[in-house]
>>> print(open('upload-v8.txt').read())   # compact mmCIF, C-alpha atoms and all ligand atoms
# COMPACT_ATOMS: atom_id res chain seq x y z
CA MET A 1 -78.65 -15.61 -164.52
CA GLN A 2 -77.42 -12.10 -163.74
CA ASN A 3 -78.97 -9.54 -166.11
CA ILE A 4 -81.61 -12.05 -167.31
CA PRO A 5 -84.17 -11.08 -168.44
CA ILE A 6 -82.36 -8.28 -170.20
CA ASN A 7 -83.83 -4.83 -169.72
CA ASN A 8 -86.39 -4.36 -172.49
CA LYS A 9 -85.30 -0.76 -173.03
CA ILE A 10 -81.91 -1.99 -174.24
CA ILE A 11 -83.40 -4.48 -176.65
CA ASP A 12 -86.13 -2.20 -177.95
CA SER A 13 -83.71 0.66 -178.55
CA LYS A 14 -81.62 -1.68 -180.73
CA LEU A 15 -84.67 -2.79 -182.68
CA GLU A 16 -85.66 0.83 -183.14
CA ALA A 17 -82.18 1.69 -184.41
CA PHE A 18 -82.57 -1.05 -187.03
CA ASN A 19 -86.10 0.13 -187.82
CA ILE A 20 -87.52 -3.26 -186.85
CA THR A 21 -91.08 -3.26 -185.52
CA ASP A 22 -91.64 -6.99 -186.01
CA MET A 23 -88.82 -9.52 -185.52
CA ASP A 24 -90.51 -11.70 -188.14
CA LYS A 25 -89.31 -9.18 -190.73
CA ALA A 26 -85.68 -9.09 -189.52
CA SER A 27 -83.12 -10.69 -191.83
CA ILE A 28 -80.61 -13.15 -190.46
CA ARG A 29 -77.81 -10.57 -190.82
CA GLU A 30 -79.88 -8.03 -188.89
CA VAL A 31 -80.51 -10.51 -186.07
CA VAL A 32 -76.77 -11.25 -185.92
CA GLU A 33 -75.88 -7.56 -185.71
CA ILE A 34 -78.58 -6.76 -183.14
CA VAL A 35 -77.45 -9.64 -180.92
CA ASN A 36 -73.79 -8.57 -181.28
CA GLN A 37 -74.73 -5.10 -180.07
CA ILE A 38 -76.88 -6.35 -177.17
CA GLN A 39 -74.06 -8.66 -176.07
CA ASP A 40 -71.57 -5.79 -176.17
CA GLU A 41 -73.80 -3.49 -174.19
CA THR A 42 -75.00 -5.97 -171.55
CA GLY A 43 -72.13 -8.43 -171.29
CA VAL A 44 -74.70 -11.27 -171.56
CA LYS A 45 -73.35 -14.10 -173.69
CA PHE A 46 -76.24 -15.22 -175.88
CA ILE A 47 -77.22 -18.75 -176.83
CA ARG A 48 -76.76 -18.03 -180.52
CA MET A 49 -78.81 -20.21 -182.80
CA GLU A 50 -79.29 -17.87 -185.76
CA MET A 51 -76.37 -18.57 -188.10
CA GLY A 52 -75.84 -21.84 -189.97
CA VAL A 53 -72.05 -21.76 -189.79
CA PRO A 54 -69.92 -24.84 -189.08
CA GLY A 55 -68.96 -24.98 -185.42
CA LEU A 56 -66.08 -27.41 -185.85
CA PRO A 57 -62.48 -27.14 -187.09
CA PRO A 58 -61.91 -27.80 -190.81
CA ALA A 59 -61.02 -31.34 -191.87
CA LYS A 60 -57.26 -31.62 -191.38
CA VAL A 61 -56.75 -33.74 -194.45
CA GLY A 62 -58.15 -30.89 -196.54
CA VAL A 63 -56.04 -28.19 -194.90
CA ASP A 64 -52.87 -30.27 -195.29
CA ALA A 65 -53.56 -31.00 -198.96
CA GLU A 66 -54.31 -27.36 -199.65
CA ILE A 67 -51.08 -26.15 -198.02
CA GLU A 68 -49.14 -28.76 -199.95
CA ALA A 69 -50.78 -27.71 -203.23
CA LEU A 70 -49.97 -24.06 -202.56
CA LYS A 71 -46.37 -24.94 -201.78
CA ASN A 72 -46.26 -26.78 -205.08
CA GLY A 73 -47.19 -23.60 -206.91
CA VAL A 74 -50.84 -24.13 -207.92
CA ALA A 75 -51.65 -20.51 -207.01
CA SER A 76 -50.07 -19.23 -210.20
CA VAL A 77 -51.90 -21.64 -212.50
CA TYR A 78 -55.49 -21.29 -213.73
CA PRO A 79 -57.32 -24.44 -212.67
CA ASN A 80 -59.10 -26.54 -215.23
CA ILE A 81 -62.56 -24.99 -215.62
CA ASN A 82 -64.32 -28.36 -215.38
CA GLY A 83 -62.29 -29.41 -212.34
CA ILE A 84 -58.94 -31.05 -211.71
CA PRO A 85 -59.00 -34.78 -212.59
CA GLU A 86 -58.48 -35.85 -208.95
CA VAL A 87 -61.56 -34.04 -207.67
CA LYS A 88 -63.72 -35.37 -210.52
CA LYS A 89 -62.56 -38.94 -209.95
CA GLU A 90 -62.93 -38.83 -206.15
CA ALA A 91 -66.37 -37.19 -206.38
CA ALA A 92 -67.63 -40.02 -208.61
CA ARG A 93 -66.14 -42.57 -206.20
CA PHE A 94 -67.77 -40.77 -203.26
CA VAL A 95 -71.19 -40.92 -204.90
CA LYS A 96 -70.70 -44.65 -205.55
CA ASN A 97 -69.36 -45.36 -202.05
CA PHE A 98 -71.84 -43.34 -200.01
CA MET A 99 -74.94 -43.30 -202.25
CA ASN A 100 -74.47 -46.46 -204.32
CA ILE A 101 -75.12 -44.39 -207.46
CA GLU A 102 -72.97 -44.63 -210.60
CA VAL A 103 -71.87 -41.33 -212.08
CA LYS A 104 -69.06 -40.50 -214.48
CA PRO A 105 -66.14 -38.31 -213.33
CA GLU A 106 -66.89 -36.17 -216.40
CA CYS A 107 -70.26 -35.26 -214.86
CA CYS A 108 -68.76 -34.18 -211.49
CA VAL A 109 -67.81 -30.51 -211.57
CA PRO A 110 -66.49 -28.38 -208.71
CA SER A 111 -68.07 -25.01 -207.94
CA SER A 112 -67.26 -22.21 -205.50
CA GLY A 113 -69.56 -23.57 -202.85
CA SER A 114 -72.97 -25.02 -203.56
CA MET A 115 -74.11 -21.43 -203.92
CA GLN A 116 -72.27 -21.07 -207.20
CA GLY A 117 -73.26 -24.58 -208.20
CA THR A 118 -76.97 -23.97 -207.76
CA TYR A 119 -76.75 -20.56 -209.43
CA SER A 120 -75.13 -22.08 -212.53
CA VAL A 121 -77.48 -25.02 -212.78
CA PHE A 122 -80.63 -22.97 -212.06
CA GLN A 123 -79.54 -20.58 -214.81
CA VAL A 124 -79.18 -23.35 -217.39
CA ALA A 125 -82.28 -25.29 -216.32
CA SER A 126 -84.34 -22.10 -216.63
CA SER A 127 -83.19 -21.66 -220.23
CA CYS A 128 -83.84 -25.12 -221.71
CA ASP A 129 -87.44 -24.76 -222.81
CA LYS A 130 -89.56 -21.61 -223.18
CA GLN A 131 -92.70 -23.46 -222.04
CA LYS A 132 -90.95 -24.58 -218.87
CA ASP A 133 -89.92 -21.22 -217.47
CA THR A 134 -90.55 -21.86 -213.76
CA ALA A 135 -88.71 -23.79 -211.03
CA LEU A 136 -90.54 -25.39 -208.12
CA PHE A 137 -89.15 -25.28 -204.58
CA ILE A 138 -90.33 -27.79 -202.03
CA ASP A 139 -90.21 -25.49 -199.01
CA PRO A 140 -89.16 -24.69 -196.31
CA GLY A 141 -85.85 -23.95 -197.98
CA PHE A 142 -82.61 -22.09 -198.04
CA PRO A 143 -83.59 -18.43 -198.70
CA VAL A 144 -80.47 -17.48 -200.69
CA GLN A 145 -81.51 -19.84 -203.48
CA LYS A 146 -84.65 -17.74 -203.99
CA GLN A 147 -82.40 -14.70 -204.02
CA GLN A 148 -80.47 -16.38 -206.83
CA PHE A 149 -83.68 -16.52 -208.85
CA MET A 150 -84.34 -12.88 -208.03
CA VAL A 151 -80.87 -11.93 -209.31
CA MET A 152 -81.24 -14.05 -212.47
CA GLY A 153 -84.75 -12.80 -213.15
CA HIS A 154 -86.14 -16.32 -213.58
CA LYS A 155 -89.44 -17.55 -212.17
CA PHE A 156 -90.12 -19.94 -209.33
CA GLU A 157 -93.06 -21.27 -207.37
CA SER A 158 -93.02 -23.00 -203.98
CA PHE A 159 -95.12 -24.73 -201.38
CA ASP A 160 -94.64 -25.66 -197.74
CA VAL A 161 -94.27 -29.44 -197.47
CA TYR A 162 -95.67 -29.49 -193.91
CA ASN A 163 -99.12 -30.76 -194.90
CA TYR A 164 -97.92 -32.81 -197.88
CA ARG A 165 -95.79 -35.61 -196.55
CA GLY A 166 -96.07 -39.19 -197.85
CA GLU A 167 -98.59 -39.94 -200.61
CA LYS A 168 -100.01 -36.42 -200.30
CA LEU A 169 -96.78 -35.16 -201.84
CA ARG A 170 -97.65 -36.79 -205.16
CA GLU A 171 -100.92 -34.95 -205.59
CA LYS A 172 -99.44 -31.65 -204.48
CA LEU A 173 -96.47 -31.93 -206.85
CA GLU A 174 -98.70 -32.98 -209.71
CA SER A 175 -100.93 -29.95 -209.19
CA TYR A 176 -97.91 -27.85 -210.23
CA LEU A 177 -96.31 -30.19 -212.77
CA GLU A 178 -99.44 -30.80 -214.81
CA LYS A 179 -99.55 -27.13 -215.75
CA GLY A 180 -96.50 -27.82 -217.95
CA ASN A 181 -94.44 -24.77 -216.93
CA ILE A 182 -92.11 -26.38 -214.36
CA ASN A 183 -88.50 -27.11 -215.34
CA SER A 184 -87.09 -28.33 -212.03
CA ILE A 185 -87.90 -29.41 -208.48
CA ILE A 186 -85.55 -28.10 -205.78
CA TYR A 187 -85.12 -29.19 -202.17
CA SER A 188 -82.45 -29.91 -199.56
CA ASN A 189 -82.23 -33.26 -197.80
CA PRO A 190 -81.67 -33.25 -194.81
CA ASN A 191 -83.57 -30.02 -194.96
CA ASN A 192 -82.39 -26.60 -193.98
CA PRO A 193 -84.26 -25.17 -191.97
CA THR A 194 -86.41 -28.01 -190.57
CA TRP A 195 -84.15 -31.09 -190.63
CA VAL A 196 -86.96 -33.16 -192.11
CA CYS A 197 -85.64 -35.89 -194.41
CA PHE A 198 -87.66 -37.31 -197.25
CA THR A 199 -88.45 -40.99 -196.88
CA GLU A 200 -87.68 -43.51 -199.64
CA ASN A 201 -91.38 -43.43 -200.49
CA GLU A 202 -91.30 -39.64 -200.95
CA LEU A 203 -88.08 -39.73 -202.97
CA GLN A 204 -89.66 -42.35 -205.20
CA ILE A 205 -92.70 -40.12 -205.73
CA ILE A 206 -90.46 -37.18 -206.68
CA GLY A 207 -88.41 -39.38 -209.02
CA GLU A 208 -91.46 -40.89 -210.72
CA LEU A 209 -92.98 -37.47 -211.31
CA ALA A 210 -89.67 -36.12 -212.63
CA ASN A 211 -89.79 -38.90 -215.23
CA LYS A 212 -93.47 -38.42 -216.02
CA TYR A 213 -93.25 -34.64 -216.50
CA ASP A 214 -89.64 -34.49 -217.72
CA VAL A 215 -88.31 -32.13 -215.08
CA ILE A 216 -84.88 -32.06 -213.44
CA VAL A 217 -84.64 -32.72 -209.71
CA MET A 218 -82.07 -30.56 -207.93
CA GLU A 219 -81.14 -32.36 -204.73
CA ASP A 220 -79.12 -30.20 -202.38
CA LEU A 221 -77.06 -32.48 -200.14
CA ALA A 222 -75.35 -29.78 -198.07
CA TYR A 223 -75.87 -32.02 -195.00
CA PHE A 224 -74.85 -35.28 -196.69
CA GLY A 225 -74.77 -38.27 -194.33
CA MET A 226 -75.94 -36.20 -191.38
CA ASP A 227 -79.25 -37.97 -190.76
CA PHE A 228 -77.72 -39.72 -187.77
CA ARG A 229 -80.68 -42.06 -187.29
CA LYS A 230 -78.76 -44.38 -189.63
CA ASP A 231 -75.02 -44.93 -189.89
CA LEU A 232 -74.24 -43.58 -193.36
CA SER A 233 -70.50 -43.40 -192.71
CA LYS A 234 -69.20 -46.67 -194.18
CA PRO A 235 -67.89 -46.47 -197.75
CA GLY A 236 -69.33 -49.15 -200.00
CA GLN A 237 -71.73 -50.42 -197.34
CA ALA A 238 -75.47 -49.94 -196.89
CA PRO A 239 -77.27 -47.97 -195.61
CA TYR A 240 -76.52 -45.22 -198.11
CA GLN A 241 -77.43 -41.55 -198.23
CA PRO A 242 -81.00 -41.65 -199.58
CA SER A 243 -81.43 -39.92 -202.93
CA VAL A 244 -83.87 -39.29 -205.74
CA ALA A 245 -81.10 -40.58 -208.02
CA ASN A 246 -82.38 -44.09 -207.19
CA TYR A 247 -85.66 -43.28 -208.93
CA THR A 248 -84.86 -41.01 -211.88
CA ASP A 249 -82.04 -40.15 -214.26
CA ASN A 250 -83.20 -36.54 -214.35
CA TYR A 251 -81.11 -35.32 -211.44
CA VAL A 252 -78.44 -32.90 -210.38
CA LEU A 253 -76.92 -33.30 -206.90
CA PHE A 254 -74.99 -30.69 -204.95
CA ILE A 255 -72.40 -31.92 -202.45
CA SER A 256 -70.87 -29.10 -200.44
CA ALA A 257 -67.71 -29.28 -198.33
CA SER A 258 -68.97 -26.47 -196.09
CA LYS A 259 -70.79 -28.54 -193.47
CA ILE A 260 -69.70 -32.15 -193.98
CA PHE A 261 -65.99 -31.24 -193.96
CA SER A 262 -66.37 -27.94 -192.01
CA TYR A 263 -64.78 -26.25 -194.99
CA ALA A 264 -67.16 -23.32 -195.59
CA GLY A 265 -64.44 -20.68 -195.75
CA GLN A 266 -62.78 -22.14 -198.81
CA ARG A 267 -66.01 -22.17 -200.84
CA ILE A 268 -65.99 -25.55 -202.51
CA ALA A 269 -68.65 -28.02 -203.54
CA VAL A 270 -69.21 -30.48 -206.37
CA ILE A 271 -72.10 -30.45 -208.84
CA ILE A 272 -73.03 -34.03 -209.79
CA MET A 273 -75.03 -34.32 -212.99
CA SER A 274 -76.52 -37.59 -214.16
CA ASP A 275 -75.11 -38.82 -217.44
CA LYS A 276 -78.49 -38.18 -219.04
CA VAL A 277 -78.77 -34.58 -217.85
CA TYR A 278 -75.12 -33.80 -218.59
CA HIS A 279 -75.30 -34.90 -222.20
CA ARG A 280 -78.82 -33.82 -223.02
CA ASN A 281 -79.22 -31.35 -225.86
CA TYR A 282 -81.96 -28.76 -225.77
CA PRO A 283 -82.45 -26.73 -228.96
CA GLU A 284 -83.31 -23.57 -227.01
CA LEU A 285 -80.23 -23.94 -224.88
CA GLU A 286 -78.13 -24.25 -227.99
CA ASN A 287 -79.72 -21.14 -229.47
CA ARG A 288 -78.94 -19.15 -226.38
CA TYR A 289 -75.54 -20.49 -225.34
CA LYS A 290 -74.19 -21.63 -228.72
CA ILE A 291 -73.08 -24.92 -227.22
CA LYS A 292 -74.46 -28.45 -227.23
CA GLY A 293 -75.35 -30.17 -223.98
CA PHE A 294 -76.63 -29.19 -220.53
CA GLY A 295 -73.33 -30.00 -218.79
CA ASN A 296 -71.26 -28.03 -221.27
CA ALA A 297 -73.56 -25.03 -220.86
CA VAL A 298 -73.12 -25.20 -217.07
CA ILE A 299 -69.32 -25.47 -217.28
CA TYR A 300 -68.19 -23.60 -220.37
CA ARG A 301 -70.78 -20.88 -220.35
CA VAL A 302 -72.04 -20.13 -216.83
CA LEU A 303 -69.21 -21.26 -214.53
CA TYR A 304 -66.69 -19.84 -216.96
CA ALA A 305 -68.50 -16.51 -217.10
CA LEU A 306 -68.85 -16.36 -213.31
CA SER A 307 -65.36 -17.18 -212.05
CA SER A 308 -63.40 -19.24 -214.59
CA GLY A 309 -63.42 -22.18 -212.25
CA VAL A 310 -62.78 -22.82 -208.59
CA SER A 311 -59.75 -21.87 -206.46
CA HIS A 312 -57.05 -24.35 -207.42
CA SER A 313 -55.87 -25.17 -203.90
CA ALA A 314 -59.44 -25.70 -202.63
CA GLN A 315 -59.93 -28.29 -205.38
CA HIS A 316 -56.90 -30.17 -204.06
CA ALA A 317 -58.37 -30.00 -200.56
CA MET A 318 -61.72 -31.32 -201.79
CA ALA A 319 -60.04 -34.14 -203.72
CA ALA A 320 -58.06 -35.15 -200.62
CA MET A 321 -61.09 -35.06 -198.30
CA LEU A 322 -63.22 -37.10 -200.69
CA LYS A 323 -60.37 -39.55 -201.24
CA ALA A 324 -59.79 -40.03 -197.50
CA ALA A 325 -63.53 -40.62 -197.00
CA ASN A 326 -63.57 -43.06 -199.93
CA ASP A 327 -60.52 -44.92 -198.63
CA GLY A 328 -62.13 -45.23 -195.20
CA THR A 329 -59.29 -43.33 -193.50
CA PHE A 330 -61.47 -40.31 -192.61
CA ASN A 331 -64.89 -40.88 -191.07
CA PHE A 332 -66.47 -37.53 -191.93
CA VAL A 333 -69.82 -38.51 -190.41
CA ASN A 334 -68.30 -39.20 -186.99
CA GLU A 335 -66.59 -35.81 -187.13
CA VAL A 336 -69.93 -33.99 -187.35
CA LYS A 337 -71.97 -36.19 -184.98
CA GLU A 338 -71.39 -33.53 -182.36
CA TYR A 339 -74.22 -31.53 -183.98
CA GLY A 340 -76.67 -34.38 -183.47
CA GLU A 341 -75.64 -34.86 -179.85
CA LYS A 342 -76.05 -31.17 -179.07
CA ALA A 343 -79.42 -31.08 -180.86
CA GLN A 344 -80.69 -33.94 -178.72
CA ILE A 345 -79.79 -32.10 -175.51
CA MET A 346 -81.14 -28.78 -176.73
CA LYS A 347 -84.41 -30.19 -178.05
CA GLY A 348 -84.90 -31.88 -174.68
CA LEU A 349 -84.41 -28.58 -172.84
CA PHE A 350 -86.80 -26.69 -175.10
CA THR A 351 -89.56 -29.29 -175.00
CA LYS A 352 -89.33 -29.57 -171.20
CA ASN A 353 -90.03 -25.86 -171.03
CA GLY A 354 -93.20 -25.52 -173.07
CA PHE A 355 -91.78 -25.41 -176.59
CA THR A 356 -92.74 -27.84 -179.32
CA ILE A 357 -90.73 -29.08 -182.30
CA LEU A 358 -92.71 -27.70 -185.21
CA TYR A 359 -91.62 -29.95 -188.08
CA ASP A 360 -91.33 -33.06 -185.96
CA LYS A 361 -91.92 -36.15 -188.13
CA ASP A 362 -90.89 -37.88 -191.33
CA GLU A 363 -94.00 -39.83 -192.30
CA GLY A 364 -94.71 -40.80 -188.71
CA GLU A 365 -91.10 -41.29 -187.58
CA PRO A 366 -89.63 -38.58 -185.31
CA ILE A 367 -87.08 -36.47 -187.21
CA GLY A 368 -83.40 -36.98 -186.47
CA ASP A 369 -81.18 -34.76 -184.35
CA GLY A 370 -78.88 -32.66 -186.48
CA PHE A 371 -77.73 -29.23 -187.51
CA TYR A 372 -81.14 -27.52 -187.22
CA PHE A 373 -84.52 -27.94 -185.59
CA THR A 374 -87.68 -25.84 -185.54
CA LEU A 375 -89.48 -24.42 -182.53
CA ALA A 376 -92.92 -23.09 -181.66
CA TYR A 377 -94.40 -21.80 -178.41
CA PRO A 378 -98.12 -21.97 -177.64
CA GLY A 379 -99.97 -18.74 -178.28
CA MET A 380 -96.98 -16.85 -179.69
CA LYS A 381 -96.41 -15.81 -183.26
CA ALA A 382 -92.89 -16.21 -184.61
CA GLY A 383 -91.84 -12.56 -184.41
CA GLU A 384 -93.18 -12.19 -180.89
CA LEU A 385 -91.48 -15.41 -179.76
CA LEU A 386 -88.09 -14.34 -181.11
CA HIS A 387 -88.48 -10.87 -179.59
CA ARG A 388 -89.27 -12.32 -176.16
CA MET A 389 -86.48 -14.89 -176.38
CA LEU A 390 -83.98 -12.07 -176.87
CA PHE A 391 -84.84 -10.86 -173.35
CA TYR A 392 -83.67 -14.26 -172.14
CA GLY A 393 -80.41 -14.18 -174.05
CA ILE A 394 -81.44 -16.67 -176.75
CA SER A 395 -81.43 -15.90 -180.48
CA ALA A 396 -82.67 -17.71 -183.59
CA ILE A 397 -84.39 -16.74 -186.84
CA THR A 398 -88.06 -16.92 -187.76
CA LEU A 399 -89.19 -19.35 -190.44
CA SER A 400 -90.97 -16.77 -192.57
CA SER A 401 -88.01 -16.20 -194.93
CA THR A 402 -87.77 -19.94 -195.64
CA GLY A 403 -91.16 -20.36 -197.29
CA SER A 404 -92.70 -21.99 -194.23
CA THR A 405 -96.33 -21.15 -193.59
CA LYS A 406 -95.94 -21.97 -189.88
CA GLU A 407 -95.36 -19.62 -186.96
CA GLY A 408 -92.04 -20.69 -185.56
CA LEU A 409 -88.29 -20.41 -185.40
CA ARG A 410 -85.27 -22.17 -186.85
CA ALA A 411 -82.66 -23.08 -184.28
CA CYS A 412 -79.15 -23.93 -185.40
CA VAL A 413 -77.04 -25.90 -182.95
CA SER A 414 -73.59 -25.33 -184.44
CA ALA A 415 -72.58 -22.11 -182.66
CA VAL A 416 -73.87 -23.21 -179.24
CA ASN A 417 -71.17 -24.48 -176.92
CA ARG A 418 -71.58 -27.56 -174.76
CA ASN A 419 -70.66 -25.39 -171.78
CA GLN A 420 -73.69 -23.16 -172.46
CA MET A 421 -76.25 -25.92 -171.90
CA ASN A 422 -76.76 -25.03 -168.26
CA ASP A 423 -77.34 -21.37 -169.16
CA LEU A 424 -79.81 -22.51 -171.79
CA LYS A 425 -81.64 -24.65 -169.24
CA GLU A 426 -81.91 -21.83 -166.70
CA ARG A 427 -82.98 -19.27 -169.28
CA LEU A 428 -85.64 -21.55 -170.72
CA GLU A 429 -86.99 -22.30 -167.25
CA ALA A 430 -87.21 -18.57 -166.57
CA PHE A 431 -88.90 -18.03 -169.95
CA ASN A 432 -91.43 -20.76 -169.27
CA LYS A 433 -92.15 -19.30 -165.83
CA ALA A 434 -92.72 -15.85 -167.32
CA TYR A 435 -94.99 -17.23 -170.07
CA PRO A 436 -96.66 -20.29 -168.54
CA THR A 437 -98.12 -22.73 -171.01
CA THR A 438 -100.57 -24.47 -168.69
C1 LIG B 501 -79.34 -26.24 -197.89
C2 LIG B 501 -78.09 -25.49 -198.15
N1 LIG B 501 -77.61 -25.41 -199.40
C3 LIG B 501 -76.48 -24.77 -199.68
C4 LIG B 501 -75.78 -24.13 -198.69
C5 LIG B 501 -74.55 -23.36 -199.07
O1 LIG B 501 -73.50 -24.19 -199.32
P1 LIG B 501 -72.09 -23.64 -199.73
O2 LIG B 501 -71.41 -23.11 -198.51
O3 LIG B 501 -71.39 -24.82 -200.31
O4 LIG B 501 -72.28 -22.56 -200.76
C6 LIG B 501 -76.22 -24.16 -197.38
C7 LIG B 501 -75.50 -23.46 -196.31
O5 LIG B 501 -76.00 -23.13 -195.28
C8 LIG B 501 -77.41 -24.85 -197.10
O6 LIG B 501 -77.91 -24.92 -195.87
>>> encode(input="upload-v8.txt", output="structure tokens")
Amino acid sequence: MQNIPINNKIIDSKLEAFNITDMDKASIREVVEIVNQIQDETGVKFIRMEMGVPGLPPAKVGVDAEIEALKNGVASVYPNINGIPEVKKEAARFVKNFMNIEVKPECCVPSSGSMQGTYSVFQVASSCDKQKDTALFIDPGFPVQKQQFMVMGHKFESFDVYNYRGEKLREKLESYLEKGNINSIIYSNPNNPTWVCFTENELQIIGELANKYDVIVMEDLAYFGMDFRKDLSKPGQAPYQPSVANYTDNYVLFISASKIFSYAGQRIAVIIMSDKVYHRNYPELENRYKIKGFGNAVIYRVLYALSSGVSHSAQHAMAAMLKAANDGTFNFVNEVKEYGEKAQIMKGLFTKNGFTILYDKDEGEPIGDGFYFTLAYPGMKAGELLHRMLFYGISAITLSSTGSTKEGLRACVSAVNRNQMNDLKERLEAFNKAYPTT
């Protein structure tokens, strides 16, 4: 506990250097840099909860397959733009094994991370119908996807789901959809930043409305299988990863290797389009892209224009990781359970010291323990809370950039070491003593 709380002159001089008067306005990259500098100057090792990076080694089966592919010479060969056959086949198997959803290998297309996948699909979905020129985000959400809309120059709307769980979601969604301008509904499940997971009831509502209003649901499964309240790890056996795909054929799923296989550095994910979406023709799309079919526009127009496909060796890695999961020789869920275990400990320490979990329930059931959780502290706004936590060697990000309307923080467990839990406990006790809640 030496040097804690950190001298406020040190922290405030850093904030001044970054021109930050309110931590609520600081970007994630700014928080990272400020904390790096405070650590360097004070020697205090922070409890770093700001970045959503994998905290585990990459899946070995992927690394081995990638090395092997490179040795076999794939680096000199342009990969197939719509994906190597192995990755397409194993992705379709994966969706069947872990979601119990039938998709065709043809409709499974690798992208350079989900980031490129969502960019490509948002671009096409925004160009299908002039009347439907707006996407709808169910927030809180992953801020970079909004940045993608900013870059593309397409429109979006959003709302914070906090007050609209369960049946209330139907009315709220319909209030947007009935205007007739919405082309897609976008969310992540489990959710970054809150870790809420939609219930079957909520997924059914979304699916039914997607059918009724003919919109495409974009389900971002970056944290596939990581709702550890259920064991989603057994191929071909229930329970399965919940999905809107059980309730509508108007879906596109994004399965990223970054978190589930700790493979973020190699930038690989798979876009899964339903057969209906993949083959659907939209006259306006054809006018613009001179090609028939949603899937073809994604692959042969946007992905081709962006990067001419995905790194060849990374596709071999993805194929191998999916295959090992499908064959039951690699339990990817067990590999990442560490996040849930750390979250349980950390949430316990925070709540014992005056904090509350802000987004705490899925239709009455406590949320699971996973990669992220959200925090609030009585009487403190988000920017003030983060600022004060820095004095105690703890960093996170505020929720304002995620579309949340609540005053609170997102905490990510991945970069926190098990051996830091005692430091966290002592720092939180000191924080609570300095700012008593009762
Ligand atoms: C919800 C969500 N979607 C997408 C991504 C990015 O995935 P990828 O690394 O595959 O681009 C992240 C990463 O943090 C995420 O949290």
>>> residues_around(input="upload-v8.txt", residues="Pro366 (chain A)", least_positions_apart="5", cutoff="10 Å", atoms="only C-alpha atoms", output="number ranges by chain")
A: 196, 229, 359-361
>>> write_last_selection(input="upload-v8.txt", atoms="C-alpha atoms", output="mmCIF file, in the coordinates of the input")
data_model
loop_
_atom_site.group_PDB
_atom_site.id
_atom_site.type_symbol
_atom_site.label_atom_id
_atom_site.label_comp_id
_atom_site.auth_asym_id
_atom_site.auth_seq_id
_atom_site.Cartn_x
_atom_site.Cartn_y
_atom_site.Cartn_z
ATOM 1 C CA VAL A 196 -86.960 -33.160 -192.110
ATOM 2 C CA ARG A 229 -80.680 -42.060 -187.290
ATOM 3 C CA TYR A 359 -91.620 -29.950 -188.080
ATOM 4 C CA ASP A 360 -91.330 -33.060 -185.960
ATOM 5 C CA LYS A 361 -91.920 -36.150 -188.130
#
>>> residues_around(input="upload-v8.txt", residues="region 246-253 of chain A", least_positions_apart="6", cutoff="8 Å", atoms="all atoms listed in the file", output="ChimeraX atom specification")
/A:101,203-204,207-208,210-211,214-221,271-277
>>> residues_near_ligand(input="upload-v8.txt", ligand="ligand LIG 501 (chain B)", cutoff="10 Å", atoms="all atoms listed in the file", output="PyMOL selection string")
chain A and resi 51-54+111-119+141-145+187-193+195+219-223+254-260+262-270+371-372
>>> residues_near_point(input="upload-v8.txt", point="(-88.9, -40.5, -196.3)", cutoff="9 Å", atoms="all atoms listed in the file", output="number ranges by chain")
A: 165-166, 196-203, 242, 362-363
>>> write_last_selection(input="upload-v8.txt", atoms="C-alpha atoms", output="short mmCIF file (atom, residue, chain, number, x, y, z; two decimals), in the frame of the given file")
data_model
loop_
_atom_site.label_atom_id
_atom_site.label_comp_id
_atom_site.auth_asym_id
_atom_site.auth_seq_id
_atom_site.Cartn_x
_atom_site.Cartn_y
_atom_site.Cartn_z
CA ARG A 165 -95.79 -35.61 -196.55
CA GLY A 166 -96.07 -39.19 -197.85
CA VAL A 196 -86.96 -33.16 -192.11
CA CYS A 197 -85.64 -35.89 -194.41
CA PHE A 198 -87.66 -37.31 -197.25
CA THR A 199 -88.45 -40.99 -196.88
CA GLU A 200 -87.68 -43.51 -199.64
CA ASN A 201 -91.38 -43.43 -200.49
CA GLU A 202 -91.30 -39.64 -200.95
CA LEU A 203 -88.08 -39.73 -202.97
CA PRO A 242 -81.00 -41.65 -199.58
CA ASP A 362 -90.89 -37.88 -191.33
CA GLU A 363 -94.00 -39.83 -192.30
#
>>> closest_residue(input="upload-v8.txt", among="A:Ala382, A:Leu70, A:Gln37, A:Gly225", to="Asp12 (chain A)", atoms="all atoms listed in the file")
A:Gln37
>>> closest_residue(input="upload-v8.txt", among="A:Asn97, A:Ser158, A:Ser404, A:Asn36", to="Pro239 (chain A)", atoms="all atoms listed in the file")
A:Asn97
>>> residues_around(input="upload-v8.txt", residues="Asn287 (chain A)", least_positions_apart="2", cutoff="12 Å", atoms="all atoms listed in the file", output="list of chain:residue names")
A:Ser127, A:Cys128, A:Asp129, A:Lys130, A:Asn281, A:Tyr282, A:Pro283, A:Glu284, A:Leu285, A:Tyr289, A:Lys290, A:Ile291, A:Lys292, A:Gly293, A:Ala297
>>> residues_around(input="upload-v8.txt", residues="Met49 (chain A)", least_positions_apart="6", cutoff="7 Å", atoms="all atoms listed in the file", output="PyMOL selection string")
chain A and resi 395-396+411-413+415-416
>>> closest_residue(input="upload-v8.txt", among="A:Lys230, A:Lys352, A:Lys337, A:His312", to="Pro110 (chain A)", atoms="all atoms listed in the file")
A:His312
>>> atom_distance(input="upload-v8.txt", atom1="CA of Lys425 (chain A)", atom2="CA of Ser401 (chain A)")
27.8 Å
>>> closest_residue(input="upload-v8.txt", among="A:Tyr435, A:Tyr162, A:Phe294, A:Phe332", to="Ser126 (chain A)", atoms="only C-alpha atoms")
A:Phe294
